[in-house]
file work-v8.pdb (PDB, C-alpha atoms, pLDDT in the B column)
ATOM      1  CA  MET E 150     121.317  84.048  96.618  1.00 52.00           C
ATOM      2  CA  GLY E 151     122.241  80.626  98.045  1.00 52.00           C
ATOM      3  CA  LYS E 152     121.828  77.399  96.101  1.00 47.00           C
ATOM      4  CA  ALA E 153     118.889  76.273  98.277  1.00 51.00           C
ATOM      5  CA  THR E 154     117.059  79.583  97.797  1.00 48.00           C
ATOM      6  CA  LEU E 155     117.771  79.543  94.057  1.00 44.00           C
ATOM      7  CA  ALA E 156     116.432  75.992  93.779  1.00 49.00           C
ATOM      8  CA  LYS E 157     113.247  76.944  95.624  1.00 49.00           C
ATOM      9  CA  THR E 158     112.769  80.035  93.462  1.00 47.00           C
ATOM     10  CA  MET E 159     113.228  78.025  90.264  1.00 44.00           C
ATOM     11  CA  ALA E 160     110.783  75.388  91.521  1.00 48.00           C
ATOM     12  CA  TRP E 161     108.207  78.085  92.218  1.00 49.00           C
ATOM     13  CA  LYS E 162     108.682  79.618  88.774  1.00 44.00           C
ATOM     14  CA  ALA E 163     108.284  76.227  87.110  1.00 44.00           C
ATOM     15  CA  ALA E 164     105.149  75.419  89.068  1.00 46.00           C
ATOM     16  CA  ALA E 165     103.756  78.909  88.551  1.00 46.00           C
ATOM     17  CA  LEU E 166     103.714  78.436  84.794  1.00 39.00           C
ATOM     18  CA  VAL E 167     100.976  75.857  85.265  1.00 37.00           C
ATOM     19  CA  SER E 168      99.473  76.724  88.629  1.00 39.00           C
ATOM     20  CA  GLY E 169      96.764  79.123  87.481  1.00 37.00           C
ATOM     21  CA  ILE E 170      94.943  77.189  84.828  1.00 34.00           C
ATOM     22  CA  GLY E 171      92.491  74.447  84.159  1.00 31.00           C
ATOM     23  CA  LEU E 172      89.059  75.180  85.627  1.00 29.00           C
ATOM     24  CA  GLY E 173      86.447  74.922  82.934  1.00 29.00           C
ATOM     25  CA  MET E 174      84.530  78.145  83.618  1.00 30.00           C
ATOM     26  CA  LEU E 175      85.313  81.234  81.553  1.00 34.00           C
ATOM     27  CA  SER E 176      83.094  83.689  83.413  1.00 37.00           C
ATOM     28  CA  TYR E 177      84.301  85.904  86.230  1.00 41.00           C
ATOM     29  CA  PRO E 178      83.293  84.938  89.768  1.00 44.00           C
ATOM     30  CA  VAL E 179      80.585  86.874  91.554  1.00 45.00           C
ATOM     31  CA  HIS E 180      82.202  89.306  93.988  1.00 53.00           C
ATOM     32  CA  ALA E 181      80.300  88.026  97.018  1.00 57.00           C
ATOM     33  CA  ALA E 182      82.337  86.877 100.013  1.00 59.00           C
ATOM     34  CA  PRO E 183      83.443  83.266  99.362  1.00 63.00           C
ATOM     35  CA  SER E 184      81.729  80.830 101.714  1.00 73.00           C
ATOM     36  CA  SER E 185      84.796  78.572 101.909  1.00 86.00           C
ATOM     37  CA  GLY E 186      88.518  78.639 101.299  1.00 90.00           C
ATOM     38  CA  GLY E 187      87.979  76.485  98.239  1.00 92.00           C
ATOM     39  CA  ASP E 188      85.625  79.095  96.787  1.00 91.00           C
ATOM     40  CA  THR E 189      88.348  81.740  97.077  1.00 93.00           C
ATOM     41  CA  VAL E 190      90.841  79.550  95.218  1.00 92.00           C
ATOM     42  CA  LYS E 191      88.306  78.635  92.529  1.00 89.00           C
ATOM     43  CA  GLY E 192      87.416  82.292  92.010  1.00 88.00           C
ATOM     44  CA  LEU E 193      91.079  83.187  91.631  1.00 90.00           C
ATOM     45  CA  TYR E 194      91.636  80.455  89.081  1.00 85.00           C
ATOM     46  CA  ASP E 195      88.548  81.339  87.056  1.00 87.00           C
ATOM     47  CA  VAL E 196      90.080  84.763  86.408  1.00 89.00           C
ATOM     48  CA  LEU E 197      93.550  83.336  85.835  1.00 86.00           C
ATOM     49  CA  LEU E 198      92.173  80.935  83.243  1.00 83.00           C
ATOM     50  CA  ASN E 199      90.392  83.717  81.380  1.00 87.00           C
ATOM     51  CA  THR E 200      93.502  85.897  81.515  1.00 90.00           C
ATOM     52  CA  MET E 201      95.764  83.167  80.203  1.00 84.00           C
ATOM     53  CA  LYS E 202      93.454  82.249  77.333  1.00 86.00           C
ATOM     54  CA  ASN E 203      93.547  85.915  76.275  1.00 89.00           C
ATOM     55  CA  GLY E 204      97.095  86.517  77.441  1.00 88.00           C
ATOM     56  CA  ARG E 205      98.704  87.415  74.147  1.00 89.00           C
ATOM     57  CA  ILE E 206      95.870  89.761  73.164  1.00 92.00           C
ATOM     58  CA  LEU E 207      95.902  91.486  76.556  1.00 92.00           C
ATOM     59  CA  GLY E 208      99.667  91.860  76.724  1.00 90.00           C
ATOM     60  CA  GLN E 209     101.594  92.360  79.938  1.00 88.00           C
ATOM     61  CA  SER E 210      99.861  95.527  81.119  1.00 89.00           C
ATOM     62  CA  GLY E 211      96.436  94.170  80.152  1.00 92.00           C
ATOM     63  CA  ARG E 212      96.986  90.990  82.142  1.00 93.00           C
ATOM     64  CA  PHE E 213      98.079  93.072  85.124  1.00 94.00           C
ATOM     65  CA  ALA E 214      94.965  95.253  84.912  1.00 93.00           C
ATOM     66  CA  GLN E 215      92.770  92.151  84.793  1.00 93.00           C
ATOM     67  CA  LEU E 216      94.532  90.263  87.598  1.00 94.00           C
ATOM     68  CA  ASP E 217      95.305  93.042  90.079  1.00 94.00           C
ATOM     69  CA  PRO E 218      91.769  93.318  91.515  1.00 95.00           C
ATOM     70  CA  VAL E 219      91.393  89.563  92.037  1.00 94.00           C
ATOM     71  CA  ILE E 220      94.873  89.207  93.572  1.00 94.00           C
ATOM     72  CA  ARG E 221      94.085  91.921  96.095  1.00 94.00           C
ATOM     73  CA  ARG E 222      90.653  90.414  96.716  1.00 93.00           C
ATOM     74  CA  SER E 223      91.930  86.843  97.177  1.00 94.00           C
ATOM     75  CA  PHE E 224      95.202  87.285  99.070  1.00 96.00           C
ATOM     76  CA  ASP E 225      95.857  88.537 102.591  1.00 95.00           C
ATOM     77  CA  VAL E 226      98.293  91.076 101.165  1.00 94.00           C
ATOM     78  CA  ALA E 227      98.969  92.920 104.437  1.00 93.00           C
ATOM     79  CA  SER E 228      99.784  89.760 106.373  1.00 94.00           C
ATOM     80  CA  MET E 229     101.932  88.318 103.580  1.00 95.00           C
ATOM     81  CA  ALA E 230     103.906  91.564 103.359  1.00 95.00           C
ATOM     82  CA  ARG E 231     104.525  91.580 107.113  1.00 95.00           C
ATOM     83  CA  LEU E 232     105.605  87.937 107.208  1.00 95.00           C
ATOM     84  CA  SER E 233     107.744  88.275 104.079  1.00 95.00           C
ATOM     85  CA  ILE E 234     109.685  91.159 105.612  1.00 95.00           C
ATOM     86  CA  GLY E 235     110.024  89.327 108.913  1.00 93.00           C
ATOM     87  CA  SER E 236     111.518  90.850 112.055  1.00 91.00           C
ATOM     88  CA  SER E 237     112.377  94.101 110.268  1.00 91.00           C
ATOM     89  CA  TRP E 238     108.659  94.916 110.033  1.00 94.00           C
ATOM     90  CA  ALA E 239     108.443  95.919 113.715  1.00 92.00           C
ATOM     91  CA  GLY E 240     110.991  98.700 113.206  1.00 91.00           C
ATOM     92  CA  LEU E 241     109.257 100.301 110.212  1.00 92.00           C
ATOM     93  CA  SER E 242     107.287 103.505 110.400  1.00 91.00           C
ATOM     94  CA  GLU E 243     103.690 103.527 109.208  1.00 91.00           C
ATOM     95  CA  ASN E 244     104.775 105.587 106.199  1.00 91.00           C
ATOM     96  CA  GLN E 245     107.405 102.990 105.258  1.00 92.00           C
ATOM     97  CA  ARG E 246     104.849 100.184 105.589  1.00 91.00           C
ATOM     98  CA  GLN E 247     102.484 102.046 103.293  1.00 90.00           C
ATOM     99  CA  GLN E 248     105.240 102.436 100.698  1.00 92.00           C
ATOM    100  CA  ILE E 249     105.804  98.669 100.466  1.00 92.00           C
ATOM    101  CA  SER E 250     103.706  97.933  97.361  1.00 90.00           C
ATOM    102  CA  PHE E 251     103.441  94.204  97.988  1.00 93.00           C
ATOM    103  CA  GLY E 252     100.007  93.873  96.337  1.00 93.00           C
ATOM    104  CA  ARG E 253     101.204  95.496  93.123  1.00 93.00           C
ATOM    105  CA  TYR E 254     104.364  93.376  93.235  1.00 93.00           C
ATOM    106  CA  MET E 255     102.358  90.137  93.544  1.00 93.00           C
ATOM    107  CA  SER E 256      99.957  91.175  90.780  1.00 93.00           C
ATOM    108  CA  ALA E 257     102.858  91.999  88.459  1.00 93.00           C
ATOM    109  CA  ILE E 258     104.422  88.588  89.111  1.00 91.00           C
ATOM    110  CA  TYR E 259     101.154  86.796  88.338  1.00 89.00           C
ATOM    111  CA  ALA E 260     100.661  88.850  85.151  1.00 91.00           C
ATOM    112  CA  ASP E 261     104.125  87.739  84.063  1.00 91.00           C
ATOM    113  CA  ARG E 262     103.715  84.079  85.066  1.00 85.00           C
ATOM    114  CA  PHE E 263     100.257  83.443  83.690  1.00 83.00           C
ATOM    115  CA  ASP E 264     100.707  84.698  80.153  1.00 86.00           C
ATOM    116  CA  SER E 265      99.345  81.836  78.017  1.00 82.00           C
ATOM    117  CA  TYR E 266      97.252  78.668  78.112  1.00 81.00           C
ATOM    118  CA  ALA E 267      98.536  75.212  77.204  1.00 84.00           C
ATOM    119  CA  GLY E 268      95.727  72.909  78.326  1.00 85.00           C
ATOM    120  CA  GLN E 269      96.837  72.148  81.888  1.00 74.00           C
ATOM    121  CA  LYS E 270      94.227  71.564  84.591  1.00 77.00           C
ATOM    122  CA  LEU E 271      93.880  72.549  88.236  1.00 73.00           C
ATOM    123  CA  GLU E 272      91.722  70.548  90.620  1.00 82.00           C
ATOM    124  CA  VAL E 273      90.704  71.569  94.128  1.00 87.00           C
ATOM    125  CA  THR E 274      90.720  68.238  95.925  1.00 88.00           C
ATOM    126  CA  GLY E 275      89.533  69.189  99.393  1.00 91.00           C
ATOM    127  CA  GLU E 276      89.910  71.240 102.549  1.00 92.00           C
ATOM    128  CA  GLN E 277      91.039  70.443 106.060  1.00 92.00           C
ATOM    129  CA  PRO E 278      91.299  72.438 109.292  1.00 91.00           C
ATOM    130  CA  ALA E 279      94.686  73.961 110.058  1.00 88.00           C
ATOM    131  CA  SER E 280      96.122  75.768 113.077  1.00 83.00           C
ATOM    132  CA  SER E 281      95.650  79.199 111.498  1.00 83.00           C
ATOM    133  CA  GLY E 282      92.541  78.521 109.411  1.00 90.00           C
ATOM    134  CA  VAL E 283      91.954  76.048 106.588  1.00 94.00           C
ATOM    135  CA  MET E 284      94.278  74.338 104.130  1.00 95.00           C
ATOM    136  CA  VAL E 285      92.835  73.999 100.618  1.00 95.00           C
ATOM    137  CA  ARG E 286      94.367  71.044  98.784  1.00 92.00           C
ATOM    138  CA  SER E 287      94.777  71.043  95.034  1.00 87.00           C
ATOM    139  CA  GLN E 288      96.776  69.433  92.301  1.00 81.00           C
ATOM    140  CA  ILE E 289      97.947  70.754  88.978  1.00 76.00           C
ATOM    141  CA  ILE E 290      97.812  68.326  86.063  1.00 78.00           C
ATOM    142  CA  LYS E 291     100.440  69.392  83.546  1.00 77.00           C
ATOM    143  CA  ALA E 292     100.046  68.774  79.819  1.00 71.00           C
ATOM    144  CA  SER E 293     102.241  65.683  80.224  1.00 82.00           C
ATOM    145  CA  GLY E 294      99.825  64.267  82.810  1.00 85.00           C
ATOM    146  CA  GLU E 295     102.246  64.816  85.690  1.00 89.00           C
ATOM    147  CA  PRO E 296     100.497  66.080  88.854  1.00 89.00           C
ATOM    148  CA  VAL E 297     101.945  68.935  90.912  1.00 86.00           C
ATOM    149  CA  LYS E 298     100.651  69.451  94.445  1.00 90.00           C
ATOM    150  CA  VAL E 299      99.804  73.078  95.333  1.00 88.00           C
ATOM    151  CA  ASP E 300      98.124  73.849  98.664  1.00 95.00           C
ATOM    152  CA  TYR E 301      96.690  77.129  99.949  1.00 95.00           C
ATOM    153  CA  MET E 302      96.664  78.231 103.575  1.00 96.00           C
ATOM    154  CA  MET E 303      93.507  80.249 104.152  1.00 96.00           C
ATOM    155  CA  ARG E 304      92.439  82.526 106.981  1.00 93.00           C
ATOM    156  CA  ARG E 305      88.948  83.840 107.668  1.00 91.00           C
ATOM    157  CA  ASN E 306      88.311  87.498 106.908  1.00 87.00           C
ATOM    158  CA  GLY E 307      84.846  88.462 108.074  1.00 84.00           C
ATOM    159  CA  GLU E 308      82.446  86.306 106.075  1.00 80.00           C
ATOM    160  CA  GLY E 309      85.052  85.236 103.530  1.00 88.00           C
ATOM    161  CA  TRP E 310      88.482  83.595 103.236  1.00 94.00           C
ATOM    162  CA  LEU E 311      91.859  84.959 102.116  1.00 96.00           C
ATOM    163  CA  ILE E 312      94.995  83.165 100.939  1.00 96.00           C
ATOM    164  CA  SER E 313      97.803  83.720 103.465  1.00 96.00           C
ATOM    165  CA  ASP E 314     100.420  81.373 101.977  1.00 96.00           C
ATOM    166  CA  ILE E 315     100.949  78.856  99.166  1.00 94.00           C
ATOM    167  CA  TYR E 316     102.851  75.583  99.464  1.00 94.00           C
ATOM    168  CA  LEU E 317     104.441  73.786  96.536  1.00 89.00           C
ATOM    169  CA  ASP E 318     104.615  70.001  97.006  1.00 85.00           C
ATOM    170  CA  GLY E 319     103.467  70.509 100.587  1.00 79.00           C
ATOM    171  CA  ALA E 320     106.796  72.005 101.616  1.00 83.00           C
ATOM    172  CA  ILE E 321     107.992  75.114  99.756  1.00 86.00           C
ATOM    173  CA  SER E 322     106.265  78.192 101.220  1.00 93.00           C
ATOM    174  CA  GLU E 323     105.734  81.253  99.025  1.00 93.00           C
ATOM    175  CA  VAL E 324     106.060  83.524 102.072  1.00 95.00           C
ATOM    176  CA  ALA E 325     109.278  81.827 103.194  1.00 94.00           C
ATOM    177  CA  THR E 326     110.705  82.141  99.687  1.00 93.00           C
ATOM    178  CA  ARG E 327     109.879  85.859  99.603  1.00 94.00           C
ATOM    179  CA  ARG E 328     111.326  86.343 103.098  1.00 94.00           C
ATOM    180  CA  SER E 329     114.619  84.792 101.985  1.00 94.00           C
ATOM    181  CA  GLU E 330     114.651  86.987  98.887  1.00 93.00           C
ATOM    182  CA  PHE E 331     113.772  90.173 100.796  1.00 95.00           C
ATOM    183  CA  SER E 332     116.225  89.542 103.647  1.00 94.00           C
ATOM    184  CA  THR E 333     119.175  89.791 101.271  1.00 94.00           C
ATOM    185  CA  ILE E 334     117.931  93.139  99.950  1.00 95.00           C
ATOM    186  CA  LEU E 335     117.219  94.426 103.472  1.00 94.00           C
ATOM    187  CA  LYS E 336     120.671  93.422 104.647  1.00 93.00           C
ATOM    188  CA  ASN E 337     122.457  95.116 101.752  1.00 95.00           C
ATOM    189  CA  GLU E 338     120.207  98.095 100.965  1.00 95.00           C
ATOM    190  CA  GLY E 339     117.825  98.584 103.902  1.00 94.00           C
ATOM    191  CA  ILE E 340     114.093  99.202 103.747  1.00 94.00           C
ATOM    192  CA  ASP E 341     114.395 102.005 101.183  1.00 94.00           C
ATOM    193  CA  GLY E 342     116.290  99.603  98.938  1.00 95.00           C
ATOM    194  CA  LEU E 343     113.535  97.001  99.295  1.00 95.00           C
ATOM    195  CA  ILE E 344     110.799  99.526  98.513  1.00 94.00           C
ATOM    196  CA  ALA E 345     112.709 100.614  95.409  1.00 95.00           C
ATOM    197  CA  ALA E 346     113.380  97.002  94.375  1.00 94.00           C
ATOM    198  CA  LEU E 347     109.698  96.004  94.617  1.00 93.00           C
ATOM    199  CA  ASN E 348     108.602  99.018  92.591  1.00 92.00           C
ATOM    200  CA  ARG E 349     111.359  98.477  90.045  1.00 92.00           C
ATOM    201  CA  LYS E 350     110.408  94.823  89.588  1.00 90.00           C
ATOM    202  CA  ALA E 351     106.714  95.679  89.207  1.00 91.00           C
ATOM    203  CA  ASP E 352     107.551  98.473  86.741  1.00 90.00           C
ATOM    204  CA  ILE E 353     109.590  96.083  84.607  1.00 88.00           C
ATOM    205  CA  LEU E 354     106.905  93.399  84.629  1.00 87.00           C
ATOM    206  CA  THR E 355     104.008  95.750  83.874  1.00 82.00           C
ATOM    207  CA  GLY E 356     105.737  98.325  81.705  1.00 73.00           C
ATOM    208  CA  THR E 357     104.404 101.119  83.859  1.00 61.00           C
ATOM    209  CA  THR E 358     105.642 103.498  86.509  1.00 47.00           C
ATOM    210  CA  ALA E 359     102.250 103.941  88.130  1.00 45.00           C
ATOM    211  CA  LYS E 360     102.471 104.192  91.911  1.00 41.00           C
ATOM    212  CA  ALA E 361     100.698 101.425  93.807  1.00 39.00           C
ATOM    213  CA  LEU E 362      98.344 102.183  96.655  1.00 34.00           C
TER
END

call {"tool": "encode", "arguments": {"input": "work-v8.pdb", "output": "structure tokens"}}
result
Amino acid sequence: MGKATLAKTMAWKAAALVSGIGLGMLSYPVHAAPSSGGDTVKGLYDVLLNTMKNGRILGQSGRFAQLDPVIRRSFDVASMARLSIGSSWAGLSENQRQQISFGRYMSAIYADRFDSYAGQKLEVTGEQPASSGVMVRSQIIKASGEPVKVDYMMRRNGEGWLISDIYLDGAISEVATRRSEFSTILKNEGIDGLIAALNRKADILTGTTAKAL
């Protein structure tokens, strides 16, 4: 992993420790289709807040079980998987694409990142049109009072909105970071190596060997 990629990954990990918390509602969102991109983000963070406040009681596998449905409901998992794999996606068989457990991988990462609550706050500050949908603007207020900018690219899905990418400080793309990470594995181990690596990472983070759909 190059220095630039490592720096981006570390920045994402640092921001992720605070990026899911702060909305004042403890109840789960109603599972109706969100009417705006901001509603999708707020619904995601409602569940993240609840999970983090109960993180130690739930444990790793409990947090995963609680977060997995909302991650899959809020993110455009199929599109993010395709873009994260990049040009190699076109050469994959349908069976290989089905074996790439990107949704489980993302849920496991969130269950690991959002494990406790320390009083930080997240504020959705607005929305604006973007070339591929809508950009939801937000800022994370850390316990120290320092703001961290986290923006969400949203695309319409029927009557609702899904997250298709996340930008830290308006520049560092989650999808681009994953693509850099995955490209190294694809180059060295091929698609079977990537499938195994995603499952192995999710197994470690969740403490389970359950197969993702």

call {"tool": "atom_distance", "arguments": {"input": "work-v8.pdb", "atom1": "atom CA of E:Ile220", "atom2": "atom CA of E:Glu338"}}
result
27.8 Å

call {"tool": "residues_around", "arguments": {"input": "work-v8.pdb", "residues": "E:Glu272", "least_positions_apart": "4", "cutoff": "7 Å", "atoms": "only C-alpha atoms", "output": "list of chain:residue names"}}
result
E:Ser287, E:Gln288, E:Ile289

call {"tool": "resolve_selection", "arguments": {"input": "work-v8.pdb", "expression": "the PyMOL selection byres ((chain E and resi 203) around 12)", "output": "PyMOL selection string"}}
result
chain E and resi 175+196-202+204-209+211-212+215+260+263-267

call {"tool": "atom_distance", "arguments": {"input": "work-v8.pdb", "atom1": "atom CA of E:Gly186", "atom2": "atom CA of E:Val299"}}
result
13.9 Å

call {"tool": "residues_around", "arguments": {"input": "work-v8.pdb", "residues": "stretch 348-351 of chain E", "least_positions_apart": "4", "cutoff": "7 Å", "atoms": "all atoms listed in the file", "output": "ChimeraX atom specification"}}
result
/E:250,253-254,257,344,355

call {"tool": "atom_distance", "arguments": {"input": "work-v8.pdb", "atom1": "atom CA of E:Arg246", "atom2": "atom CA of E:Ala345"}}
result
12.9 Å

call {"tool": "resolve_selection", "arguments": {"input": "work-v8.pdb", "expression": "the PyMOL selection byres ((chain E and resi 225) around 7)", "output": "VMD selection string"}}
result
chain E and resid 223 to 224 226 to 229 311 to 313

call {"tool": "residues_around", "arguments": {"input": "work-v8.pdb", "residues": "E:Arg327", "least_positions_apart": "5", "cutoff": "9 Å", "atoms": "only C-alpha atoms", "output": "list in words"}}
result
Thr158, Leu232, Ser233, Ile234, Ser322 and Ser332 of chain E

call {"tool": "closest_residue", "arguments": {"input": "work-v8.pdb", "among": "E:Arg286, E:Arg221, E:Lys191, E:Arg231", "to": "E:Phe331", "atoms": "only C-alpha atoms"}}
result
E:Arg231

call {"tool": "closest_residue", "arguments": {"input": "work-v8.pdb", "among": "E:Tyr259, E:Ser281, E:Leu347, E:Asp341", "to": "E:Asn306", "atoms": "all atoms listed in the file"}}
result
E:Ser281

call {"tool": "closest_residue", "arguments": {"input": "work-v8.pdb", "among": "E:Val324, E:Ile290, E:Leu271, E:Ile249", "to": "E:Gly235", "atoms": "all atoms listed in the file"}}
result
E:Val324

call {"tool": "resolve_selection", "arguments": {"input": "work-v8.pdb", "expression": "the PyMOL selection byres ((chain E and resi 292) around 7)", "output": "CSV table (one decimal) with C-alpha atoms, in the coordinates of the input"}}
result
chain,number,residue,atom,x,y,z
E,268,GLY,CA,95.7,72.9,78.3
E,269,GLN,CA,96.8,72.1,81.9
E,290,ILE,CA,97.8,68.3,86.1
E,291,LYS,CA,100.4,69.4,83.5
E,293,SER,CA,102.2,65.7,80.2
E,294,GLY,CA,99.8,64.3,82.8

call {"tool": "closest_residue", "arguments": {"input": "work-v8.pdb", "among": "E:Phe213, E:Trp238, E:Tyr301, E:Tyr194", "to": "E:Glu323", "atoms": "only C-alpha atoms"}}
result
E:Tyr301
